[in-house]
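One structure is given below, encoded as structure tokens.
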Amino acid sequence: MSDEVVIVAARRSPVTTRGRALAALRVEQLAAPVVRAAVADAEAVLGGTVPVADVVLGNCMGPGGNPARVTALAAGLGAEVTGATVDRQCGSGLAAILDATAAIGAGDGRARIAGGVESASTAPVRTLDGMPYDRAPFAPEGWPDPDMLRAADDLAARDGIARPRQDAHAARSHRRARAARDAGRFTAELVPLGGVTADDAVGRAEPLLPRLVPTLPGGSVTAGTATRISDGAAAVVLLPARAVGSARGLAVRGHAVVGCDPALPGIGAAPAVRAALDRAGADTRDIAAFEIVEAFAAQSLAVLDRLGLAEDDPRVCADGGALALGHPWGASGAVAVVRLFSRLVRGGAPAGTLGVAAASVGGGMGVAALLEVVG
């Protein structure tokens, strides 16, 4: 890239379970307050107005009509600020950040806001020939196209990831998230919405894990080892390094989007992380913090195994992951970046510290970014 790109602000909404506290809010009502908060943070850091060129948001199941543009207008950024909506399914929020990075890196020095939003609660019912259906296909006829639950169960069976190991991984995510919440480590990144000030799923499933029945006959994945379908939004502000000066932030050092077998989409984050690190000349041993979206415990463990990371590695989702916080599909990849920003920038990590955000994607893909503390 011709210009180094730096994230100078990062915010998210509380993540709440579909049908609960944020169920009445449309996508722009979730995202616009988060966008405004991120812009305000950036202006406070830089000491002046931050002109925004574009808002790029990931979204999977929303109403159409370009939610990013609707959000830009709802956030009061002005009619001249454009919007683009990205769909890479569970990797959409991170993919949107990478698209914004590429635009700045190509020479456009104006700020971008990027992230993701999902309101599973208000997602429209989709129909085909007058009949409703749960999801669009992730692959065409002739290719494997498993439901994500089936894909997770198949991956658990293929890799020999037993039920106790999955339960332990989910319990660990809840314990870490509860400790982070109680210590106030989420407070600075959260934007309260509609009176909601905290994620609603943390700790709820942990005591139930051993008693839950597998969701599919003969399978091992349960409701407790699958993340909750959720509502939420996340946004970051990106600028070229020359506009940031000595301000602290996260510089984008490498990124990758890869394809993998559609029959095993859950592994996609692993080759994406490897590709991003290879392109930057880095190794997993160099990374201080990983945020890898936990769609299912089996899927998360399969990724860690392929990366050679221990399942209890304190660098991985140190404050809990999506198994505890929830999974607002189009936003989750951006939530991972917000979490890295809190762990590294808000947490006072020294310049040069590296972090990785990644997600596996339905249809057989993976997306990852390598970020470095600067300033």
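By order of appearance in the structure tokens: chains A, B, ..., then residues from 1 within every chain, and ligands from 1 in the order shown.
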* To do: Using only C-alpha atoms, determine which residues lie at most 12 Å from range 100-111 of chain A, disregarding the query and same-chain residues fewer than 3 positions distant; provide the list as a PyMOL selection string.
  => chain A and resi 1-9+38-39+42-43+49-58+81-86+93-97+114-115+235-244+250-256+369+371
* Tell me which protein, DNA and RNA residues are within 12 Å of Ala151 in chain A, counting only C-alpha atoms, leaving out same-chain ones fewer than 3 positions away, and put them as number ranges by chain. => A: 144-148, 154-158, 216, 219-221, 226, 261-267, 295-296, 298-299, 302, 360-364
* Test item: residues at most 9 Å from Leu323 in chain A, only C-alpha atoms, excluding those fewer than 3 positions along its chain, as a count of residues only -> 20
* To do: Write out as a count of residues only all residues of range 102-308 of chain A that DSSP puts in helix (DSSP H, G or I) for this structure's backbone.
  => 78
* Extract, using only C-alpha atoms, all DNA, RNA and protein residues at most 12 Å from Thr16 in chain A, discarding same-chain residues fewer than 5 positions from it, and format them as number ranges by chain. => A: 21-25, 30, 118-121, 192-194, 196-202, 227-233, 322, 324-328
* Structure fact -> One decimal place gives the CA of Gly321 in chain A-CA of Arg176 in chain A separation as 8.4 Å
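In this comparison, which uses only C-alpha atoms, the residue of A:Ala10, A:Arg26, A:Pro314, A:Val70 approaching Ala334 in chain A most closely is A:Ala10.
The spacing separating CA of Ala288 in chain A from CA of Pro350 in chain A amounts to 10.9 Å.
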* To do: Could you give me, as a PyMOL selection string, each residue of range 1-182 of chain A that DSSP assigns to strand (DSSP E or B) when run on this structure's backbone?
  => chain A and resi 5-12+16-17+52-58+82-86+111-119+126-128+131-133
* Asked: Which residue gives the smallest distance to Arg178 in chain A among A:Leu128, A:Ala318, A:Leu354, A:Ala37, with only C-alpha atoms counted?
  -> A:Ala318
* **Point-to-point distance in Å for CA of Glu372 in chain A and CA of Leu301 in chain A** => 25.0 Å
Check which residues of range 74-193 of chain A sit at most 10 Å from range 340-345 of chain A using only C-alpha atoms, and return one row each with the closest pair of atoms and their distance in Å to one decimal, ordered by chain and rising number, as JSON lines.
```
{"residue": "A:Arg185", "atom": "CA", "partner": "A:Ser342", "partner_atom": "CA", "distance": 7.7}
{"residue": "A:Phe186", "atom": "CA", "partner": "A:Ser342", "partner_atom": "CA", "distance": 7.8}
{"residue": "A:Thr187", "atom": "CA", "partner": "A:Ser342", "partner_atom": "CA", "distance": 9.7}
{"residue": "A:Ala188", "atom": "CA", "partner": "A:Ser342", "partner_atom": "CA", "distance": 7.9}
{"residue": "A:Glu189", "atom": "CA", "partner": "A:Ser342", "partner_atom": "CA", "distance": 6.9}
```
Can I get the selection written as a CSV table (one decimal), in the first residue's frame, with N, CA, C and O atoms?
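part.csv was written with the following content:
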```
chain,number,residue,atom,x,y,z
A,185,ARG,N,-13.4,-3.9,31.7
A,185,ARG,CA,-12.6,-3.8,30.5
A,185,ARG,C,-13.4,-3.6,29.2
A,185,ARG,O,-12.8,-3.3,28.2
A,186,PHE,N,-14.7,-3.7,29.3
A,186,PHE,CA,-15.6,-3.4,28.1
A,186,PHE,C,-16.1,-2.0,28.1
A,186,PHE,O,-16.6,-1.5,27.1
A,187,THR,N,-16.0,-1.3,29.3
A,187,THR,CA,-16.8,-0.1,29.4
A,187,THR,C,-16.4,1.0,28.4
A,187,THR,O,-17.3,1.6,27.8
A,188,ALA,N,-15.1,1.2,28.1
A,188,ALA,CA,-14.7,2.3,27.3
A,188,ALA,C,-15.1,2.1,25.8
A,188,ALA,O,-15.2,3.0,25.0
A,189,GLU,N,-15.3,0.8,25.4
A,189,GLU,CA,-15.6,0.5,24.0
A,189,GLU,C,-17.1,0.5,23.7
A,189,GLU,O,-17.5,0.6,22.6
```
